[in-house]
file model.tsv (TSV, C-alpha atoms)
chain	number	residue	atom	x	y	z
A	1	MET	CA	312.60	-15.72	234.81
A	2	GLN	CA	316.02	-14.44	233.83
A	3	PHE	CA	316.69	-10.71	234.29
A	4	THR	CA	317.72	-10.25	230.67
A	5	THR	CA	314.32	-11.34	229.37
A	6	PHE	CA	312.36	-9.29	231.85
A	7	PRO	CA	312.24	-5.69	230.45
A	8	ARG	CA	309.29	-5.96	228.07
A	9	MET	CA	306.99	-7.67	230.58
A	10	HIS	CA	308.17	-5.36	233.35
A	11	LEU	CA	307.47	-2.31	231.22
A	12	THR	CA	304.03	-3.69	230.35
A	13	PHE	CA	303.27	-3.70	234.09
A	14	TRP	CA	304.24	-0.04	234.39
A	15	VAL	CA	302.22	0.96	231.32
A	16	GLY	CA	299.23	-0.72	232.96
A	17	PHE	CA	300.06	1.07	236.19
A	18	LEU	CA	300.05	4.41	234.38
A	19	SER	CA	296.60	3.67	232.96
A	20	LEU	CA	295.38	2.78	236.44
A	21	LYS	CA	297.01	5.95	237.76
A	22	ARG	CA	294.96	8.14	235.41
A	23	THR	CA	291.79	6.67	236.91
A	24	CYS	CA	293.03	7.03	240.49
A	25	VAL	CA	294.02	10.67	240.00
A	26	LYS	CA	290.33	11.52	239.64
A	27	PHE	CA	289.94	10.58	243.29
A	28	CYS	CA	293.12	12.29	244.46
A	29	PRO	CA	291.44	15.37	245.99
A	30	LEU	CA	289.64	13.15	248.49
A	31	TRP	CA	292.78	11.24	249.31
A	32	TRP	CA	294.89	14.40	249.58
A	33	GLU	CA	292.31	16.12	251.78
A	34	ARG	CA	292.53	13.25	254.23
A	35	GLU	CA	296.35	13.21	253.79
A	36	LEU	CA	296.24	9.43	253.52
A	37	GLN	CA	296.42	8.92	257.28
A	38	PRO	CA	296.57	5.17	258.02
A	39	GLU	CA	293.40	5.02	260.06
A	40	ARG	CA	291.51	6.84	257.32
A	41	ILE	CA	293.01	4.71	254.59
A	42	ARG	CA	291.73	1.65	256.42
A	43	SER	CA	288.21	3.04	256.17
A	44	PHE	CA	288.43	2.51	252.43
A	45	GLN	CA	288.78	-1.23	253.15
A	46	ILE	CA	291.66	-1.63	250.71
A	47	ASP	CA	293.36	-5.01	250.47
A	48	PHE	CA	297.00	-4.08	251.08
A	49	SER	CA	298.13	-7.61	250.32
A	50	ASP	CA	297.79	-6.63	246.64
A	51	PRO	CA	301.26	-5.29	245.60
A	52	LEU	CA	299.78	-3.23	242.76
A	53	LEU	CA	297.47	-1.38	245.16
A	54	VAL	CA	300.42	-0.77	247.45
A	55	SER	CA	302.24	0.83	244.50
A	56	VAL	CA	299.21	3.02	243.84
A	57	VAL	CA	299.13	4.17	247.46
A	58	GLN	CA	302.86	4.93	247.36
A	59	PHE	CA	302.31	6.96	244.20
A	60	LEU	CA	299.47	8.92	245.78
A	61	LEU	CA	301.55	9.57	248.89
A	62	LEU	CA	304.20	11.17	246.68
A	63	ARG	CA	301.56	13.21	244.91
A	64	SER	CA	300.10	14.20	248.27
A	65	GLY	CA	303.42	15.71	249.37
A	66	SER	CA	303.91	17.41	246.00
A	67	ALA	CA	300.45	18.89	246.12
A	68	ARG	CA	301.00	20.38	249.57
A	69	ASN	CA	304.39	21.79	248.56
A	70	ALA	CA	302.98	23.19	245.34
A	71	GLY	CA	300.46	25.14	247.38
A	72	THR	CA	303.26	27.43	248.55
A	73	ARG	CA	304.15	28.41	245.00
A	74	ARG	CA	301.54	29.78	242.62
A	75	PRO	CA	302.76	30.32	239.05
A	76	ASP	CA	302.00	33.56	237.29
A	77	ARG	CA	298.54	33.41	235.75
A	78	THR	CA	300.08	34.15	232.35
A	79	GLU	CA	302.26	31.04	232.56
A	80	MET	CA	300.98	27.85	230.98
A	81	PRO	CA	301.06	24.59	232.96
A	82	VAL	CA	302.88	21.61	231.52
A	83	ARG	CA	301.12	18.48	230.35
A	84	ILE	CA	302.78	15.09	230.29
A	85	PRO	CA	302.38	13.59	226.79
A	86	ASP	CA	299.73	10.89	226.42
A	87	ASP	CA	299.06	8.24	223.77
A	88	SER	CA	297.55	10.77	221.36
A	89	ASP	CA	300.72	12.90	221.50
A	90	PHE	CA	302.91	9.94	220.67
A	91	SER	CA	300.55	8.91	217.86
A	92	SER	CA	300.66	12.42	216.39
A	93	PHE	CA	304.45	12.49	216.59
A	94	LYS	CA	304.71	9.13	214.81
A	95	ASP	CA	302.38	10.33	212.06
A	96	GLN	CA	304.57	13.40	211.48
A	97	CYS	CA	307.66	11.22	211.21
A	98	LEU	CA	306.12	8.83	208.68
A	99	SER	CA	303.94	11.16	206.58
A	100	PRO	CA	305.48	12.72	203.43
A	101	ASP	CA	302.81	15.43	203.23
A	102	GLY	CA	304.15	18.97	203.43
A	103	TRP	CA	307.83	17.99	203.60
A	104	SER	CA	310.50	19.04	201.07
A	105	SER	CA	313.64	16.94	200.65
A	106	ARG	CA	316.83	18.94	201.29
A	107	TYR	CA	319.48	16.23	201.52
A	108	HIS	CA	319.84	12.59	200.50
A	109	LYS	CA	323.25	11.01	200.70
A	110	GLY	CA	324.99	8.11	202.39
A	111	GLY	CA	321.78	6.59	203.72
A	112	VAL	CA	320.61	9.83	205.40
A	113	THR	CA	317.61	11.83	204.23
A	114	VAL	CA	316.75	15.31	205.52
A	115	TRP	CA	313.42	17.05	204.97
A	116	CYS	CA	312.31	20.56	205.89
A	117	ARG	CA	308.81	21.81	206.38
A	118	GLU	CA	308.15	25.40	205.51
A	119	GLN	CA	306.06	26.99	208.22
A	120	ASP	CA	304.22	30.30	208.29
A	121	SER	CA	306.49	33.35	208.53
A	122	SER	CA	305.72	33.56	212.24
A	123	SER	CA	306.63	29.91	212.88
A	124	VAL	CA	309.89	28.07	213.39
A	125	GLN	CA	310.98	25.64	210.68
A	126	LYS	CA	310.67	21.90	211.27
A	127	ILE	CA	313.41	19.47	210.24
A	128	LYS	CA	312.99	15.72	209.87
A	129	MET	CA	315.71	13.12	209.29
A	130	ARG	CA	315.88	9.40	208.65
A	131	ILE	CA	318.68	6.86	208.63
A	132	VAL	CA	318.59	3.08	208.25
A	133	CYS	CA	320.92	1.44	210.76
A	134	LYS	CA	322.20	-1.99	209.76
A	135	ASP	CA	323.62	-4.37	212.37
A	136	VAL	CA	321.89	-2.41	215.12
A	137	THR	CA	318.71	-3.42	216.94
A	138	ALA	CA	315.93	-0.95	217.66
A	139	GLU	CA	316.38	-1.59	221.39
A	140	THR	CA	320.09	-0.67	221.18
A	141	LEU	CA	319.28	2.63	219.45
A	142	TYR	CA	316.73	3.33	222.16
A	143	ASP	CA	319.31	2.65	224.89
A	144	VAL	CA	321.91	4.88	223.24
A	145	LEU	CA	319.51	7.82	223.08
A	146	HIS	CA	318.63	7.39	226.76
A	147	ASP	CA	322.06	6.71	228.24
A	148	THR	CA	323.45	10.12	229.27
A	149	SER	CA	326.71	8.54	230.49
A	150	TYR	CA	327.39	7.14	227.04
A	151	ARG	CA	326.27	10.33	225.29
A	152	LYS	CA	329.23	12.13	226.81
A	153	LYS	CA	331.44	9.72	224.86
A	154	TRP	CA	330.07	10.35	221.37
A	155	ASP	CA	328.19	13.68	221.31
A	156	THR	CA	331.12	16.06	220.79
A	157	ASN	CA	328.80	19.03	220.17
A	158	MET	CA	327.41	18.65	223.69
A	159	ILE	CA	328.81	20.85	226.44
A	160	ASP	CA	326.84	19.40	229.34
A	161	THR	CA	323.77	17.29	230.05
A	162	TYR	CA	322.15	16.02	233.22
A	163	ASP	CA	318.82	14.81	234.56
A	164	ILE	CA	317.00	17.15	236.95
A	165	GLY	CA	314.17	15.00	238.24
A	166	ARG	CA	311.49	12.45	237.42
A	167	LEU	CA	307.84	13.22	236.81
A	168	THR	CA	306.49	9.70	236.23
A	169	VAL	CA	307.94	6.30	235.37
A	170	ASN	CA	308.25	7.42	231.73
A	171	ALA	CA	308.83	11.18	232.00
A	172	ASP	CA	311.57	13.38	233.43
A	173	VAL	CA	313.10	16.85	233.27
A	174	GLY	CA	316.65	17.44	232.06
A	175	TYR	CA	319.25	19.98	230.96
A	176	TYR	CA	321.29	20.02	227.73
A	177	SER	CA	323.75	22.56	226.29
A	178	TRP	CA	325.60	22.49	223.01
A	179	LYS	CA	328.35	24.33	221.13
A	180	CYS	CA	327.55	26.73	218.30
A	181	PRO	CA	330.12	27.85	215.72
A	182	THR	CA	332.22	30.70	217.12
A	183	PRO	CA	331.42	33.63	217.43
A	184	LEU	CA	327.76	32.59	217.83
A	185	LYS	CA	326.63	32.13	221.41
A	186	ASN	CA	326.18	28.61	222.73
A	187	ARG	CA	322.61	27.40	223.38
A	188	ASP	CA	321.00	25.39	226.13
A	189	PHE	CA	317.64	23.81	226.99
A	190	VAL	CA	315.59	22.65	229.95
A	191	THR	CA	313.10	20.12	228.64
A	192	MET	CA	310.47	17.69	229.78
A	193	ARG	CA	311.10	14.33	228.11
A	194	SER	CA	308.74	11.40	227.81
A	195	TRP	CA	309.24	8.00	226.23
A	196	LEU	CA	307.13	5.06	225.13
A	197	PRO	CA	308.08	1.60	223.79
A	198	LEU	CA	305.11	0.35	221.77
A	199	GLY	CA	305.46	-3.03	220.11
A	200	SER	CA	308.45	-2.84	217.76
A	201	ASP	CA	308.43	0.97	217.91
A	202	TYR	CA	310.24	3.18	220.40
A	203	MET	CA	309.53	6.89	220.82
A	204	ILE	CA	311.14	9.70	222.80
A	205	ILE	CA	309.75	13.24	222.67
A	206	ASN	CA	310.49	16.47	224.52
A	207	TYR	CA	309.56	20.12	224.76
A	208	SER	CA	310.95	23.06	226.73
A	209	VAL	CA	309.78	23.88	230.23
A	210	LYS	CA	310.69	26.40	232.94
A	211	HIS	CA	312.11	25.03	236.18
A	212	PRO	CA	312.46	27.51	239.08
A	213	GLN	CA	315.89	26.17	240.05
A	214	HIS	CA	317.30	26.16	236.52
A	215	PRO	CA	316.87	29.66	235.04
A	216	PRO	CA	318.74	30.87	231.91
A	217	LYS	CA	322.52	31.02	232.35
A	218	LYS	CA	324.68	34.06	231.75
A	219	ASP	CA	326.91	32.64	229.00
A	220	TYR	CA	324.18	30.80	227.09
A	221	VAL	CA	321.13	31.65	225.00
A	222	ARG	CA	318.19	29.64	226.34
A	223	ALA	CA	316.67	28.03	223.22
A	224	VAL	CA	313.17	26.58	223.05
A	225	SER	CA	312.25	23.10	221.86
A	226	LEU	CA	308.69	23.33	220.56
A	227	LEU	CA	308.82	19.63	219.72
A	228	THR	CA	311.80	17.33	219.38
A	229	GLY	CA	311.91	13.57	219.32
A	230	TYR	CA	312.96	10.22	217.95
A	231	LEU	CA	311.02	7.37	216.40
A	232	ILE	CA	312.80	4.02	216.16
A	233	GLN	CA	311.28	1.23	214.10
A	234	SER	CA	312.58	-2.32	214.00
A	235	ASN	CA	313.20	-3.67	210.49
A	236	SER	CA	314.54	-7.07	211.52
A	237	ALA	CA	316.47	-8.74	214.32
A	238	ALA	CA	319.56	-6.74	213.33
A	239	SER	CA	318.32	-3.61	211.58
A	240	ALA	CA	316.33	-0.53	212.50
A	241	THR	CA	315.24	2.82	211.08
A	242	LEU	CA	315.76	5.99	213.11
A	243	TYR	CA	313.69	9.14	212.56
A	244	TYR	CA	314.55	12.44	214.19
A	245	LEU	CA	312.12	15.35	214.09
A	246	THR	CA	312.79	18.75	215.63
A	247	GLN	CA	311.26	22.21	215.78
A	248	VAL	CA	313.50	24.51	217.80
A	249	ASP	CA	313.43	28.25	218.31
A	250	PRO	CA	317.12	29.25	218.73
A	251	ARG	CA	316.05	32.62	220.14
A	252	GLY	CA	317.92	34.83	217.74
A	253	SER	CA	318.15	35.98	214.16
A	254	LEU	CA	320.66	33.48	212.82
A	255	PRO	CA	322.58	34.00	209.56
A	256	LYS	CA	321.15	32.18	206.54
A	257	TRP	CA	324.39	30.19	206.19
A	258	VAL	CA	323.82	28.71	209.67
A	259	VAL	CA	320.33	27.52	208.72
A	260	ASN	CA	321.66	25.98	205.49
A	261	ARG	CA	324.57	24.35	207.28
A	262	VAL	CA	322.27	22.70	209.79
A	263	SER	CA	320.26	20.93	207.09
A	264	GLN	CA	323.16	20.17	204.77
A	265	PHE	CA	325.97	19.23	207.17
A	266	VAL	CA	325.22	19.25	210.89
A	267	ALA	CA	322.00	17.21	210.82
A	268	PRO	CA	323.25	14.38	208.56
A	269	LYS	CA	326.50	14.16	210.50
A	270	ALA	CA	324.59	13.91	213.78
A	271	MET	CA	322.52	11.00	212.47
A	272	ARG	CA	325.63	9.13	211.36
A	273	LYS	CA	327.24	9.72	214.75
A	274	ILE	CA	324.23	8.16	216.49
A	275	TYR	CA	324.49	5.17	214.16
A	276	LYS	CA	328.23	4.71	214.78
A	277	ALA	CA	327.74	5.13	218.52
A	278	SER	CA	325.04	2.44	218.47
A	279	LEU	CA	327.40	-0.03	216.82
A	280	LYS	CA	329.86	0.40	219.71
A	281	TYR	CA	327.33	0.62	222.53
A	282	PRO	CA	326.84	-3.10	223.36
A	283	GLU	CA	330.57	-3.55	224.03
A	284	TRP	CA	330.78	-0.30	226.04
A	285	LYS	CA	327.70	-1.16	228.09
A	286	ARG	CA	329.07	-4.56	229.04
A	287	LYS	CA	331.86	-2.72	230.89
A	288	HIS	CA	329.74	0.06	232.39
A	289	ASP	CA	326.84	-0.99	234.65
A	290	PRO	CA	325.36	-3.45	232.15
A	291	THR	CA	322.15	-3.96	234.14
A	292	LEU	CA	321.52	-0.25	234.83
A	293	LYS	CA	318.76	0.96	232.51
A	294	PRO	CA	316.31	3.13	234.48
A	295	TRP	CA	314.43	3.96	231.27
A	296	MET	CA	313.52	0.26	231.14
A	297	TYR	CA	313.47	-0.52	234.86
A	298	PRO	CA	311.70	2.35	236.70
A	299	GLU	CA	312.69	0.99	240.12
A	300	GLN	CA	316.32	1.86	239.25
A	301	ASN	CA	315.49	5.55	238.88
A	302	THR	CA	316.99	7.46	241.82
A	303	LEU	CA	316.20	10.99	240.58
A	304	PRO	CA	314.31	13.28	242.95
A	305	SER	CA	310.61	13.56	242.28
A	306	VAL	CA	309.40	16.70	240.48
A	307	SER	CA	305.78	17.79	240.48
A	308	PRO	CA	304.29	19.08	237.19
A	309	ALA	CA	302.89	21.93	239.32
A	310	ASP	CA	306.47	23.20	239.76
A	311	LEU	CA	306.95	23.51	236.00
A	312	THR	CA	305.49	25.82	233.39
A	313	LEU	CA	305.69	25.84	229.62
A	314	GLN	CA	308.72	27.77	228.38
A	315	ARG	CA	307.39	30.64	226.31
A	316	ALA	CA	309.86	31.84	223.67
A	317	ASP	CA	308.76	35.46	223.98
A	318	SER	CA	309.86	35.54	227.62
A	319	LEU	CA	313.50	34.84	226.71
A	320	GLU	CA	316.33	36.93	225.33
A	321	ASN	CA	316.21	37.31	221.56
A	322	ILE	CA	319.60	38.24	220.09
A	323	ASP	CA	320.52	39.31	216.57
A	324	GLU	CA	323.40	37.27	215.16
A	325	SER	CA	322.37	37.60	211.51
A	326	GLY	CA	325.42	39.71	210.72
A	327	VAL	CA	327.96	37.01	211.61
A	328	SER	CA	329.80	35.98	208.45
A	329	GLU	CA	330.65	32.38	207.65
A	330	GLU	CA	334.29	33.30	207.03
A	331	LYS	CA	334.67	34.42	210.66
A	332	ALA	CA	332.99	31.34	212.09
A	333	GLN	CA	334.90	28.37	213.45
A	334	HIS	CA	333.17	25.10	212.64
A	335	SER	CA	333.43	21.95	214.67
A	336	ASP	CA	334.58	18.62	213.26
A	337	ASP	CA	330.99	17.46	213.31
A	338	GLU	CA	330.10	19.88	210.53
A	339	GLU	CA	332.51	18.43	208.00
A	340	THR	CA	331.32	16.03	205.35
call {"tool": "encode", "arguments": {"input": "model.tsv", "output": "structure tokens"}}
result
Amino acid sequence: MQFTTFPRMHLTFWVGFLSLKRTCVKFCPLWWERELQPERIRSFQIDFSDPLLVSVVQFLLLRSGSARNAGTRRPDRTEMPVRIPDDSDFSSFKDQCLSPDGWSSRYHKGGVTVWCREQDSSSVQKIKMRIVCKDVTAETLYDVLHDTSYRKKWDTNMIDTYDIGRLTVNADVGYYSWKCPTPLKNRDFVTMRSWLPLGSDYMIINYSVKHPQHPPKKDYVRAVSLLTGYLIQSNSAASATLYYLTQVDPRGSLPKWVVNRVSQFVAPKAMRKIYKASLKYPEWKRKHDPTLKPWMYPEQNTLPSVSPADLTLQRADSLENIDESGVSEEKAQHSDDEET
């Protein structure tokens, strides 16, 4: 079987492995208690000629080490543990992207549509966008959104981004910072990201988490992603539709003109930039590690392992909340990405 035709079947194996993992985790306490010592493992009479069972044992060995290490650090009882998204979370996200209920159209021009959803006064507004990408496959869009090396080429609002560690074969933790119009303070995130190819659909979702080695930085406001993600749907062999949904707490009282600018200028421009970047990606990728796609081939992932026990949900009320509502638009310096 040629390598280029392998990804879908290979990913199917790992999806099956994840399902098997959920069942095995129920028995983890017994395995961890015995620390998976070889002579004790043999008492289970496992057939180690089965490569899938070997993978399961390797997985449990990693979890065994993580569990012992996690025992030295007990999160504050007020902190909420993280939960890796499951099928129901992806299904709910897809429904929000496709459903028109409760959304108000704010922008429709040049193939880009932007909707806003008015939340309760105590909630953060949701924004949803859609763009139809001609001459781009759904798989290419998916690769562009995953490839952090390529993102540095086209995302001019980004200051820095890097992967921190992997949680599972389809979940990791990462850092992202971006430029705000001067004199507003720049924002950054630490998020847990999970992804799922499902038939002709591809989904990536994230939310903010706290990592003990990546606390808020001095020159940034640590923002909170309550839910952010992409849904990519294939229309044909050379066309796809991209949805982007986000609910972010910027941790601050932003001026009304900033909120309006996001929905009217920044968001549509960002969608067009993703589209243009996707058109150029195949040629760029051919020259830059064309076979390296750890989001498709988990065995290529060299990130250090991170245990969910080391992470907690990032609560917005535990972060700095600054008041920038008095900043006037005349004094602000806008980036090129905000121009129509």
call {"tool": "closest_residue", "arguments": {"input": "model.tsv", "among": "A:Arg222, A:Asp135, A:Leu303, A:Pro298", "to": "Ala238 of chain A", "atoms": "all atoms listed in the file"}}
result
A:Asp135
call {"tool": "closest_residue", "arguments": {"input": "model.tsv", "among": "A:Lys126, A:Pro294, A:Cys180, A:Gln96", "to": "Thr156 of chain A", "atoms": "only C-alpha atoms"}}
result
A:Cys180
call {"tool": "residues_around", "arguments": {"input": "model.tsv", "residues": "segment 86-92 of chain A", "least_positions_apart": "5", "cutoff": "10 Å", "atoms": "only C-alpha atoms", "output": "number ranges by chain"}}
result
A: 97, 194-196, 198, 202-205, 229, 231
call {"tool": "atom_distance", "arguments": {"input": "model.tsv", "atom1": "atom CA of His108 of chain A", "atom2": "atom CA of Thr246 of chain A"}}
result
17.8 Å
call {"tool": "residues_around", "arguments": {"input": "model.tsv", "residues": "segment 270-275 of chain A", "least_positions_apart": "4", "cutoff": "7 Å", "atoms": "all atoms listed in the file", "output": "PyMOL selection string"}}
result
chain A and resi 131+133+266+279
call {"tool": "atom_distance", "arguments": {"input": "model.tsv", "atom1": "atom CA of Met80 of chain A", "atom2": "atom CA of Pro212 of chain A"}}
result
14.1 Å
call {"tool": "closest_residue", "arguments": {"input": "model.tsv", "among": "A:Lys218, A:Asp155, A:Lys210, A:Pro290", "to": "Glu79 of chain A", "atoms": "all atoms listed in the file"}}
result
A:Lys210
call {"tool": "atom_distance", "arguments": {"input": "model.tsv", "atom1": "atom CA of Val112 of chain A", "atom2": "atom CA of Phe93 of chain A"}}
result
19.8 Å
call {"tool": "closest_residue", "arguments": {"input": "model.tsv", "among": "A:Pro250, A:His211, A:Ala138, A:Trp154", "to": "Gly199 of chain A", "atoms": "only C-alpha atoms"}}
result
A:Ala138
call {"tool": "residues_around", "arguments": {"input": "model.tsv", "residues": "Asn301 of chain A", "least_positions_apart": "2", "cutoff": "12 Å", "atoms": "only C-alpha atoms", "output": "list in words"}}
result
Asp163, Ile164, Gly165, Arg166, Leu167, Thr168, Val169, Asn170, Ala171, Asp172, Leu292, Lys293, Pro294, Trp295, Met296, Tyr297, Pro298, Glu299, Leu303, Pro304 and Ser305 of chain A
call {"tool": "residues_near_point", "arguments": {"input": "model.tsv", "point": "(329.8, 24.0, 228.8)", "cutoff": "8 Å", "atoms": "only C-alpha atoms", "output": "PyMOL selection string"}}
result
chain A and resi 158-160+177-179
